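Asker: Handing over query-v5.cif, mmCIF, C-alpha atoms.
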```cif
data_protein
loop_
_atom_site.label_atom_id
_atom_site.label_comp_id
_atom_site.auth_asym_id
_atom_site.auth_seq_id
_atom_site.Cartn_x
_atom_site.Cartn_y
_atom_site.Cartn_z
CA MET E 11 69.32 4.50 -60.45
CA ASP E 12 72.64 2.78 -60.14
CA ASN E 13 75.46 4.86 -61.42
CA ARG E 14 78.58 2.80 -61.22
CA ASP E 15 81.57 4.94 -62.07
CA ILE E 16 84.40 3.01 -60.62
CA SER E 17 87.85 3.82 -61.81
CA ARG E 18 90.25 1.00 -62.39
CA GLU E 19 93.63 1.68 -60.93
CA SER E 20 96.26 0.48 -63.29
CA GLY E 21 98.69 -1.85 -61.60
CA THR E 22 101.51 -0.19 -63.40
CA VAL E 23 101.47 3.03 -65.33
CA GLY E 24 103.55 3.36 -68.48
CA LYS E 25 106.94 5.00 -68.71
CA ASP E 26 105.41 7.80 -70.76
CA ILE E 27 103.10 8.68 -67.93
CA ILE E 28 105.87 8.60 -65.36
CA ARG E 29 107.96 10.85 -67.59
CA ASN E 30 105.04 13.24 -68.15
CA ILE E 31 104.53 13.51 -64.40
CA ALA E 32 108.20 14.15 -63.72
CA GLU E 33 108.36 16.79 -66.46
CA SER E 34 105.27 18.54 -65.07
CA ALA E 35 106.57 18.68 -61.51
CA GLU E 36 107.39 22.03 -59.97
CA THR E 37 109.00 22.93 -56.66
CA TYR E 38 107.18 24.22 -53.63
CA THR E 39 109.18 25.81 -50.85
CA ASN E 40 107.64 25.40 -47.42
CA PRO E 41 107.82 28.30 -44.92
CA ASP E 42 110.51 26.29 -43.11
CA GLY E 43 112.64 26.40 -46.28
CA LYS E 44 112.19 22.74 -47.18
CA LYS E 45 111.46 22.09 -50.86
CA TYR E 46 108.84 19.68 -52.14
CA PRO E 47 108.13 18.50 -55.69
CA VAL E 48 104.47 19.11 -56.52
CA ILE E 49 102.14 18.76 -59.50
CA ASN E 50 99.17 20.96 -60.24
CA LEU E 51 95.61 20.09 -61.19
CA LYS E 52 95.99 21.26 -64.77
CA ALA E 53 98.93 18.92 -65.34
CA VAL E 54 97.16 15.96 -63.71
CA THR E 55 94.09 16.55 -65.87
CA SER E 56 96.16 16.96 -69.00
CA ILE E 57 98.10 13.72 -68.44
CA SER E 58 94.88 11.91 -67.54
CA GLN E 59 93.19 12.97 -70.77
CA ALA E 60 96.21 12.50 -73.03
CA GLN E 61 97.05 9.06 -71.65
CA ARG E 62 93.41 8.01 -71.16
CA ILE E 63 93.85 7.00 -67.55
CA ALA E 64 91.95 8.12 -64.50
CA ALA E 65 93.14 11.30 -62.79
CA ARG E 66 93.31 9.32 -59.57
CA ASP E 67 95.83 6.96 -61.17
CA VAL E 68 97.94 9.93 -62.27
CA GLU E 69 97.89 11.25 -58.71
CA ILE E 70 98.87 7.86 -57.28
CA ALA E 71 101.70 7.56 -59.80
CA ALA E 72 102.91 11.04 -58.88
CA LEU E 73 102.85 10.28 -55.15
CA LYS E 74 104.78 7.07 -55.78
CA GLN E 75 107.49 9.24 -57.34
CA GLY E 76 107.49 11.55 -54.34
CA ILE E 77 105.57 14.25 -56.20
CA THR E 78 102.57 15.62 -54.32
CA PRO E 79 99.45 16.89 -56.08
CA TRP E 80 98.85 20.41 -54.72
CA HIS E 81 95.39 19.35 -53.54
CA TYR E 82 96.94 17.03 -50.94
CA LEU E 83 99.91 19.15 -49.89
CA ARG E 84 98.47 19.92 -46.44
CA ASN E 85 97.47 16.27 -45.91
CA ILE E 86 100.96 14.87 -46.31
CA GLY E 87 102.46 16.18 -43.09
CA THR E 88 99.85 14.24 -41.14
CA ILE E 89 99.33 11.04 -43.11
CA GLY E 90 102.39 10.90 -45.37
CA MET E 91 102.50 10.03 -49.06
CA ASP E 92 101.82 6.36 -48.34
CA GLY E 93 98.76 7.37 -46.37
CA GLN E 94 97.50 9.52 -49.22
CA ILE E 95 98.03 6.69 -51.69
CA LYS E 96 96.00 4.37 -49.43
CA LEU E 97 93.18 6.91 -49.31
CA LEU E 98 93.18 7.33 -53.08
CA ARG E 99 93.00 3.57 -53.51
CA SER E 100 90.11 3.22 -51.07
CA THR E 101 86.34 3.11 -51.34
CA VAL E 102 84.09 4.59 -48.66
CA ALA E 103 80.32 4.13 -48.64
CA VAL E 104 78.27 6.95 -47.11
CA VAL E 105 74.78 5.83 -46.14
CA GLY E 106 72.55 8.87 -46.03
CA ALA E 107 73.47 12.22 -47.61
CA GLY E 108 71.75 14.58 -45.19
CA GLY E 109 73.22 16.30 -42.12
CA LEU E 110 75.96 13.86 -41.24
CA GLY E 111 76.32 12.28 -44.68
CA GLY E 112 76.56 15.55 -46.60
CA THR E 113 79.42 16.82 -44.46
CA ILE E 114 81.10 13.42 -44.44
CA THR E 115 80.98 13.30 -48.25
CA GLU E 116 82.37 16.82 -48.55
CA LEU E 117 85.30 16.03 -46.25
CA LEU E 118 86.05 12.66 -47.87
CA ALA E 119 86.32 14.38 -51.25
CA ARG E 120 88.66 17.02 -49.86
CA GLN E 121 90.72 14.36 -48.08
CA GLY E 122 91.13 12.44 -51.33
CA ILE E 123 89.23 9.20 -50.86
CA GLY E 124 89.49 7.58 -54.29
CA HIS E 125 85.96 6.28 -54.64
CA ILE E 126 82.85 7.32 -52.72
CA ILE E 127 79.56 5.41 -52.76
CA ILE E 128 76.60 7.61 -51.80
CA ILE E 129 73.32 5.96 -50.84
CA ASP E 130 70.16 8.02 -50.28
CA ASN E 131 66.69 8.03 -51.82
CA ASP E 132 65.60 11.35 -50.32
CA ARG E 133 65.35 14.81 -51.87
CA PHE E 134 66.28 18.14 -50.28
CA ALA E 135 63.47 20.01 -48.52
CA GLU E 136 63.36 23.41 -46.86
CA GLN E 137 63.64 22.02 -43.34
CA ASN E 138 67.06 20.60 -44.32
CA LEU E 139 68.56 24.03 -44.97
CA ASN E 140 69.52 24.73 -41.35
CA ARG E 141 72.04 21.90 -41.12
CA GLN E 142 72.48 19.85 -44.29
CA LEU E 143 75.63 21.28 -45.83
CA LEU E 144 74.82 20.34 -49.41
CA SER E 145 71.28 21.73 -49.42
CA THR E 146 70.67 25.16 -50.93
CA GLU E 147 67.60 27.16 -51.82
CA LYS E 148 68.31 26.38 -55.46
CA ASN E 149 68.48 22.59 -55.15
CA LEU E 150 65.33 21.99 -53.11
CA GLY E 151 63.59 18.96 -54.58
CA ASP E 152 66.79 17.47 -55.98
CA TYR E 153 68.05 14.06 -54.92
CA LYS E 154 70.56 14.43 -52.10
CA ALA E 155 72.85 11.74 -53.49
CA THR E 156 72.93 13.36 -56.93
CA VAL E 157 73.76 16.76 -55.45
CA ALA E 158 76.45 15.14 -53.28
CA ALA E 159 78.02 13.42 -56.29
CA LYS E 160 78.22 16.71 -58.17
CA ARG E 161 79.74 18.40 -55.14
CA VAL E 162 82.42 15.70 -54.92
CA LYS E 163 83.38 16.25 -58.55
CA ASP E 164 83.47 20.03 -58.02
CA ILE E 165 85.85 19.59 -55.09
CA ASN E 166 88.05 16.82 -56.42
CA SER E 167 87.71 15.58 -59.97
CA ALA E 168 90.06 12.67 -59.27
CA VAL E 169 87.47 11.07 -56.99
CA THR E 170 85.04 8.66 -58.60
CA VAL E 171 81.50 8.43 -57.33
CA THR E 172 78.78 5.80 -57.33
CA THR E 173 75.29 6.92 -56.39
CA PHE E 174 72.35 4.77 -55.37
CA LEU E 175 69.05 6.62 -55.18
CA LYS E 176 67.71 3.93 -52.89
CA LYS E 177 66.85 3.46 -49.27
CA LEU E 178 69.24 0.95 -47.75
CA THR E 179 67.40 -2.09 -46.40
CA GLU E 180 68.36 -5.47 -45.00
CA LYS E 181 67.64 -6.91 -48.42
CA ASN E 182 69.84 -4.61 -50.51
CA ALA E 183 72.53 -3.69 -47.97
CA HIS E 184 75.04 -6.30 -49.06
CA ARG E 185 74.80 -5.32 -52.69
CA LEU E 186 75.02 -1.58 -52.03
CA LEU E 187 77.94 -1.79 -49.60
CA ASN E 188 79.92 -4.48 -51.36
CA GLY E 189 83.39 -3.28 -52.29
CA ALA E 190 83.61 -0.56 -49.65
CA ASN E 191 86.63 -0.47 -47.35
CA VAL E 192 84.74 1.54 -44.73
CA VAL E 193 81.08 2.48 -44.29
CA ALA E 194 80.09 5.86 -42.83
CA ASP E 195 76.81 6.37 -41.00
CA GLY E 196 74.72 9.30 -42.17
CA LEU E 197 71.42 7.70 -41.24
CA ASP E 198 68.52 9.04 -39.19
CA ASN E 199 66.91 5.92 -37.75
CA LEU E 200 67.93 2.86 -35.77
CA PRO E 201 66.57 -0.01 -37.90
CA SER E 202 68.68 1.12 -40.87
CA ARG E 203 71.74 1.41 -38.64
CA PHE E 204 71.29 -2.17 -37.48
CA ALA E 205 70.88 -3.26 -41.11
CA VAL E 206 74.14 -1.50 -42.02
CA GLU E 207 75.95 -2.95 -39.03
CA LYS E 208 74.84 -6.49 -39.90
CA ALA E 209 75.83 -6.12 -43.55
CA CYS E 210 79.21 -4.69 -42.53
CA ARG E 211 79.79 -7.67 -40.24
CA ASP E 212 78.91 -10.09 -43.02
CA LEU E 213 81.14 -8.28 -45.50
CA GLY E 214 84.02 -7.70 -43.06
CA ILE E 215 83.85 -3.90 -43.35
CA PRO E 216 84.48 -1.42 -40.51
CA TYR E 217 81.46 0.81 -39.82
CA VAL E 218 81.76 4.32 -38.37
CA TYR E 219 78.57 5.00 -36.43
CA GLY E 220 77.41 8.52 -35.63
CA THR E 221 74.22 10.15 -34.42
CA ILE E 222 73.00 13.51 -33.18
CA ALA E 223 70.32 15.16 -31.04
CA GLY E 224 70.23 18.82 -30.12
CA PHE E 225 73.70 20.10 -29.19
CA ILE E 226 74.89 16.55 -28.60
CA GLY E 227 76.27 13.81 -30.78
CA GLN E 228 77.89 10.46 -30.33
CA LEU E 229 80.03 8.13 -32.40
CA MET E 230 82.13 5.01 -32.42
CA THR E 231 83.94 2.78 -34.86
CA ILE E 232 82.68 -0.79 -35.12
CA PHE E 233 84.90 -3.47 -36.61
CA PRO E 234 83.26 -6.71 -37.72
CA GLY E 235 84.26 -8.57 -34.54
CA ASP E 236 83.17 -5.83 -32.14
CA THR E 237 79.93 -6.00 -30.17
CA GLY E 238 78.83 -2.66 -31.56
CA LEU E 239 75.36 -1.16 -31.45
CA SER E 240 73.80 -3.80 -29.23
CA CYS E 241 76.04 -2.61 -26.36
CA ILE E 242 74.16 0.68 -26.47
CA TYR E 243 70.72 -0.17 -27.72
CA GLY E 244 70.31 -3.82 -26.83
CA ARG E 245 68.77 -6.27 -29.22
CA SER E 246 67.49 -4.83 -32.46
CA ASP E 247 64.00 -6.29 -32.06
CA SER E 248 62.80 -3.90 -29.36
CA LEU E 249 64.01 -0.53 -30.51
CA PRO E 250 62.31 2.79 -31.07
CA GLU E 251 62.87 3.89 -34.65
CA LYS E 252 63.52 7.50 -33.71
CA GLY E 253 65.13 9.14 -30.68
CA ILE E 254 64.75 12.33 -28.76
CA GLU E 255 65.99 14.47 -31.66
CA VAL E 256 62.51 14.17 -33.18
CA LYS E 257 61.29 16.37 -30.34
CA ILE E 258 64.24 18.67 -29.72
CA GLY E 259 65.58 18.97 -33.25
CA ASN E 260 69.09 19.25 -34.68
CA PRO E 261 70.75 22.68 -34.85
CA SER E 262 73.14 23.74 -37.59
CA ALA E 263 76.54 22.85 -36.17
CA THR E 264 75.86 19.50 -34.51
CA PRO E 265 76.02 17.37 -37.68
CA ALA E 266 79.32 18.97 -38.67
CA MET E 267 80.78 18.31 -35.20
CA ILE E 268 80.10 14.58 -35.40
CA ALA E 269 80.65 14.16 -39.16
CA ALA E 270 84.13 15.68 -38.87
CA TRP E 271 85.08 13.18 -36.19
CA GLN E 272 83.63 10.31 -38.24
CA VAL E 273 85.88 11.31 -41.14
CA GLN E 274 88.91 11.34 -38.85
CA GLU E 275 87.99 7.78 -37.90
CA ILE E 276 87.76 6.78 -41.56
CA VAL E 277 91.16 8.28 -42.31
CA LYS E 278 92.70 6.43 -39.36
CA ILE E 279 91.16 3.12 -40.38
CA ILE E 280 92.36 3.36 -43.98
CA THR E 281 95.83 4.73 -43.32
CA GLY E 282 96.52 2.70 -40.18
CA ILE E 283 97.55 5.89 -38.42
CA GLY E 284 96.30 6.50 -34.90
CA LYS E 285 93.85 4.44 -32.87
CA PRO E 286 90.25 4.03 -34.05
CA LEU E 287 87.55 4.60 -31.47
CA ARG E 288 86.61 0.94 -31.07
CA ASN E 289 84.55 -0.49 -28.19
CA HIS E 290 84.06 3.00 -26.80
CA LEU E 291 81.15 5.38 -27.23
CA LEU E 292 82.27 8.99 -27.52
CA ILE E 293 79.60 11.51 -26.50
CA LEU E 294 80.30 15.14 -27.43
CA ASP E 295 78.15 17.63 -25.57
CA ALA E 296 78.51 21.12 -27.00
CA MET E 297 76.00 22.57 -24.54
CA GLU E 298 78.04 21.53 -21.50
CA GLY E 299 81.42 21.57 -23.27
CA THR E 300 82.19 17.97 -22.37
CA ALA E 301 83.46 14.86 -24.11
CA ASP E 302 82.73 11.52 -22.47
CA LYS E 303 84.16 8.21 -23.56
CA ILE E 304 82.21 5.21 -22.28
CA LYS E 305 84.02 1.89 -22.42
CA LEU E 306 81.69 -0.72 -23.86
CA SER E 307 81.75 -4.42 -23.12
CA GLY E 308 80.08 -7.29 -24.88
CA MET T 11 74.35 -3.43 0.13
CA ALA T 12 76.63 -2.69 -2.80
CA SER T 13 77.56 0.84 -3.66
CA ILE T 14 76.58 1.47 -7.30
CA ALA T 15 77.77 4.47 -9.28
CA VAL T 16 75.19 6.15 -11.50
CA LYS T 17 76.47 8.34 -14.33
CA PHE T 18 74.31 10.58 -16.45
CA TYR T 19 75.39 11.68 -19.91
CA SER T 20 74.23 13.83 -22.76
CA LEU T 21 70.88 15.61 -22.42
CA TRP T 22 70.01 13.90 -19.16
CA ARG T 23 73.06 15.48 -17.57
CA GLN T 24 71.99 18.86 -18.90
CA TYR T 25 68.43 18.56 -17.71
CA LEU T 26 69.26 17.07 -14.30
CA GLY T 27 72.25 19.29 -13.64
CA VAL T 28 73.97 16.22 -12.18
CA ASP T 29 76.59 14.01 -13.76
CA ASN T 30 76.86 11.26 -11.16
CA ALA T 31 75.28 9.82 -8.05
CA THR T 32 75.53 6.73 -5.87
CA VAL T 33 72.81 4.28 -4.91
CA GLN T 34 72.98 1.38 -2.46
CA ALA T 35 71.49 -1.76 -3.92
CA ASP T 36 72.09 -5.46 -4.41
CA GLY T 37 69.72 -5.86 -7.33
CA LEU T 38 69.15 -4.06 -10.60
CA ASP T 39 65.45 -3.36 -10.02
CA GLU T 40 66.25 -1.94 -6.62
CA ALA T 41 68.90 0.36 -8.07
CA LEU T 42 66.65 1.53 -10.89
CA ASP T 43 63.82 2.21 -8.45
CA GLN T 44 66.14 4.47 -6.47
CA VAL T 45 67.29 6.24 -9.62
CA GLU T 46 63.67 6.78 -10.65
CA GLU T 47 62.69 8.00 -7.21
CA ARG T 48 65.56 10.47 -6.96
CA PHE T 49 65.75 11.70 -10.54
CA GLY T 50 62.74 10.60 -12.58
CA PRO T 51 60.19 13.30 -11.60
CA HIS T 52 62.74 16.11 -11.99
CA LEU T 53 63.89 14.84 -15.37
CA ARG T 54 60.33 14.58 -16.66
CA GLU T 55 59.59 18.07 -15.36
CA GLN T 56 62.65 19.43 -17.17
CA LEU T 57 61.65 17.62 -20.34
CA ARG T 58 58.12 19.00 -20.14
CA GLY T 59 59.70 22.43 -19.87
CA GLU T 60 61.39 21.71 -23.19
CA GLY T 61 58.09 20.63 -24.69
CA VAL T 62 59.00 16.95 -24.55
CA GLN T 63 56.45 14.56 -23.07
CA VAL T 64 57.77 11.15 -21.99
CA ASP T 65 55.84 8.34 -20.36
CA GLY T 66 56.81 5.85 -17.69
CA LYS T 67 59.86 5.61 -15.48
CA ILE T 68 63.36 6.80 -16.32
CA GLN T 69 64.32 3.29 -17.42
CA ASP T 70 61.43 3.25 -19.90
CA TYR T 71 62.67 6.16 -22.00
CA SER T 72 66.45 6.04 -21.47
CA LEU T 73 69.31 3.95 -22.68
CA ILE T 74 70.88 2.32 -19.63
CA LEU T 75 74.13 0.38 -19.62
CA LEU T 76 75.59 -1.66 -16.79
CA ASN T 77 79.38 -1.53 -16.97
CA GLY T 78 79.21 -0.70 -20.67
CA THR T 79 76.54 -3.02 -21.97
CA SER T 80 72.84 -2.45 -22.45
CA LEU T 81 70.51 -3.72 -19.75
CA ARG T 82 68.43 -5.15 -22.59
CA ASN T 83 71.23 -7.67 -23.18
CA LEU T 84 71.63 -8.72 -19.56
CA LYS T 85 70.13 -11.74 -17.84
CA GLN T 86 71.72 -10.94 -14.49
CA THR T 87 69.80 -8.86 -12.00
CA SER T 88 72.30 -8.84 -9.14
CA LEU T 89 74.78 -6.05 -8.61
CA LYS T 90 78.16 -5.93 -6.94
CA GLU T 91 80.27 -3.24 -5.33
CA GLY T 92 81.76 -0.91 -7.93
CA ASP T 93 79.22 -1.57 -10.68
CA VAL T 94 78.40 1.45 -12.83
CA LEU T 95 75.07 2.37 -14.39
CA GLN T 96 75.38 4.69 -17.38
CA ILE T 97 72.19 6.51 -18.35
CA PHE T 98 71.46 8.72 -21.36
CA PRO T 99 68.71 9.38 -23.90
CA PRO T 100 68.34 7.62 -27.24
CA ALA T 101 69.59 9.77 -30.10
CA THR T 102 69.15 8.61 -33.67
CA GLY T 103 69.37 11.76 -35.76
CA GLY T 104 71.62 12.27 -38.73
#
```
Just dump the structure as structure tokens.

Answerer:
Amino acid sequence: MDNRDISRESGTVGKDIIRNIAESAETYTNPDGKKYPVINLKAVTSISQAQRIAARDVEIAALKQGITPWHYLRNIGTIGMDGQIKLLRSTVAVVGAGGLGGTITELLARQGIGHIIIIDNDRFAEQNLNRQLLSTEKNLGDYKATVAAKRVKDINSAVTVTTFLKKLTEKNAHRLLNGANVVADGLDNLPSRFAVEKACRDLGIPYVYGTIAGFIGQLMTIFPGDTGLSCIYGRSDSLPEKGIEVKIGNPSATPAMIAAWQVQEIVKIITGIGKPLRNHLLILDAMEGTADKIKLSG
Amino acid sequence: MASIAVKFYSLWRQYLGVDNATVQADGLDEALDQVEERFGPHLREQLRGEGVQVDGKIQDYSLILLNGTSLRNLKQTSLKEGDVLQIFPPATGG
């Protein structure tokens, strides 16, 4: 099932909308005494429905006027209003909605990524419950991508979602990822990761790789010109499909540890703030309490 | 003989209880043979203790980089002073 639900951002919003936003603004006083104009969810929704424009467009218009939607108030100190506008205008594709992908999707919605594409053909099973954030005893048997889309809407109704209940392959990767500004890795096998990396290269999209095994995870950001996965794994024609995690498993907190860092990478890429983790492999070892950064070379 | 640094990461570091070592070698095969001789049996024993059975030498079931690139990509087999071998297990979970 393809469920395209892509909001069009209006290039300019009408004067009525700008006036509505300004009239709805209230004042928030920070603990340091500084005052900020803010707008609440109810007002955003009301303007969106009355003016028949996407809630995301209302939020962008508010931010452009220096008025912060309450949802993003704690984001602004770090990424600024311009950064939040960039996030709201962006599209991120999450490939896989399990351990990594479920947490990534949750955090992207909270961060305020404007459009999220979720790609997964799998359904929740009992063995997912230990670590896959979006799985519950009640939704066993449900499609992971469908559950993730509903979760996004529950967290942030301004975010639009596209779901593909498909397994990403070399053949369909370009079509599924087309239009994304960044692709996030929530996969569980190497061949699919190489397919994603190749498609991202072809499409000119940065790819945030992540993987886990036991108490350990690793990640890096791969821009289209970077050497990427072959630095670690070598050529894609001689790879094992699965790694050591098949034998030692994945405990509850490891996916969250890596997924959180992947989301930080995505935010940095889109906002231009900070330095993405390019051409370095970061290995986080929660058992030993170490973080190693290996410089990669092509 | 060139002095080659060997660095273990991730689960291999945990299981071996060692994060780095040095081998003296001028060629890649020679260096890997020394790594296998010094660490392979112990690593496999530790893995067996975890219920994980692996076959072959350490280079057969590990990811190994030379100065940050996979050995699978390299045509060179000679080593020089200061080269670094980085060794860790494949992880593909998500």

Asker: Step by step, work through what the PyMOL selection byres ((chain E) within 7 of (chain T)) selects in the shown file, and finish by giving those residues as a ChimeraX atom specification.

Answerer: /E:108-110,196-200,221-223,226,240-245,252-255,257,265,293,295,304-308

Asker: To verify the selection step, state as a PyMOL selection string which residues the PyMOL selection byres ((chain E and resi 205-213) around 9) yields on this input.

Answerer: chain E and resi 105+178-181+183-184+187-189+192-193+195+200-204+214-217+219+232-236+238-239

Asker: Taking the file above as input, evaluate the PyMOL selection byres ((chain T and resi 67) around 10) and report the hits as a list in words.

Answerer: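 For this structure, the PyMOL selection byres ((chain T and resi 67) around 10) resolves to Leu42, Asp43, Val45, Glu46, Glu47, Phe49, Gly50, Pro51, Arg54, Val64, Asp65, Gly66, Ile68, Gln69, Asp70, Tyr71 and Ser72 of chain T.
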
Asker: One decimal, Å: what's the distance from CA of Ile97 (chain T) over to CA of Leu38 (chain T), could you say?

Answerer: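 One can read the CA of Ile97 (chain T) to CA of Leu38 (chain T) distance as 13.5 Å.
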
Asker: What lies within 10 Å of Ile57 (chain E) using all atoms listed in the file, ignoring chain neighbours under 6 positions off, as an MDAnalysis selection string?

Answerer: chainID E and resid 26:28 30:31 34 51 63:65 68

Asker: Could you please determine the separation between CA of Asp132 (chain E) and CA of Asn149 (chain E) in Å, to one decimal place?

Answerer: 12.6 Å

Asker: Provide the CA of Val218 (chain E) to CA of Lys278 (chain E) distance in Å, to one decimal place.

Answerer: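 So the answer is 11.2 Å.
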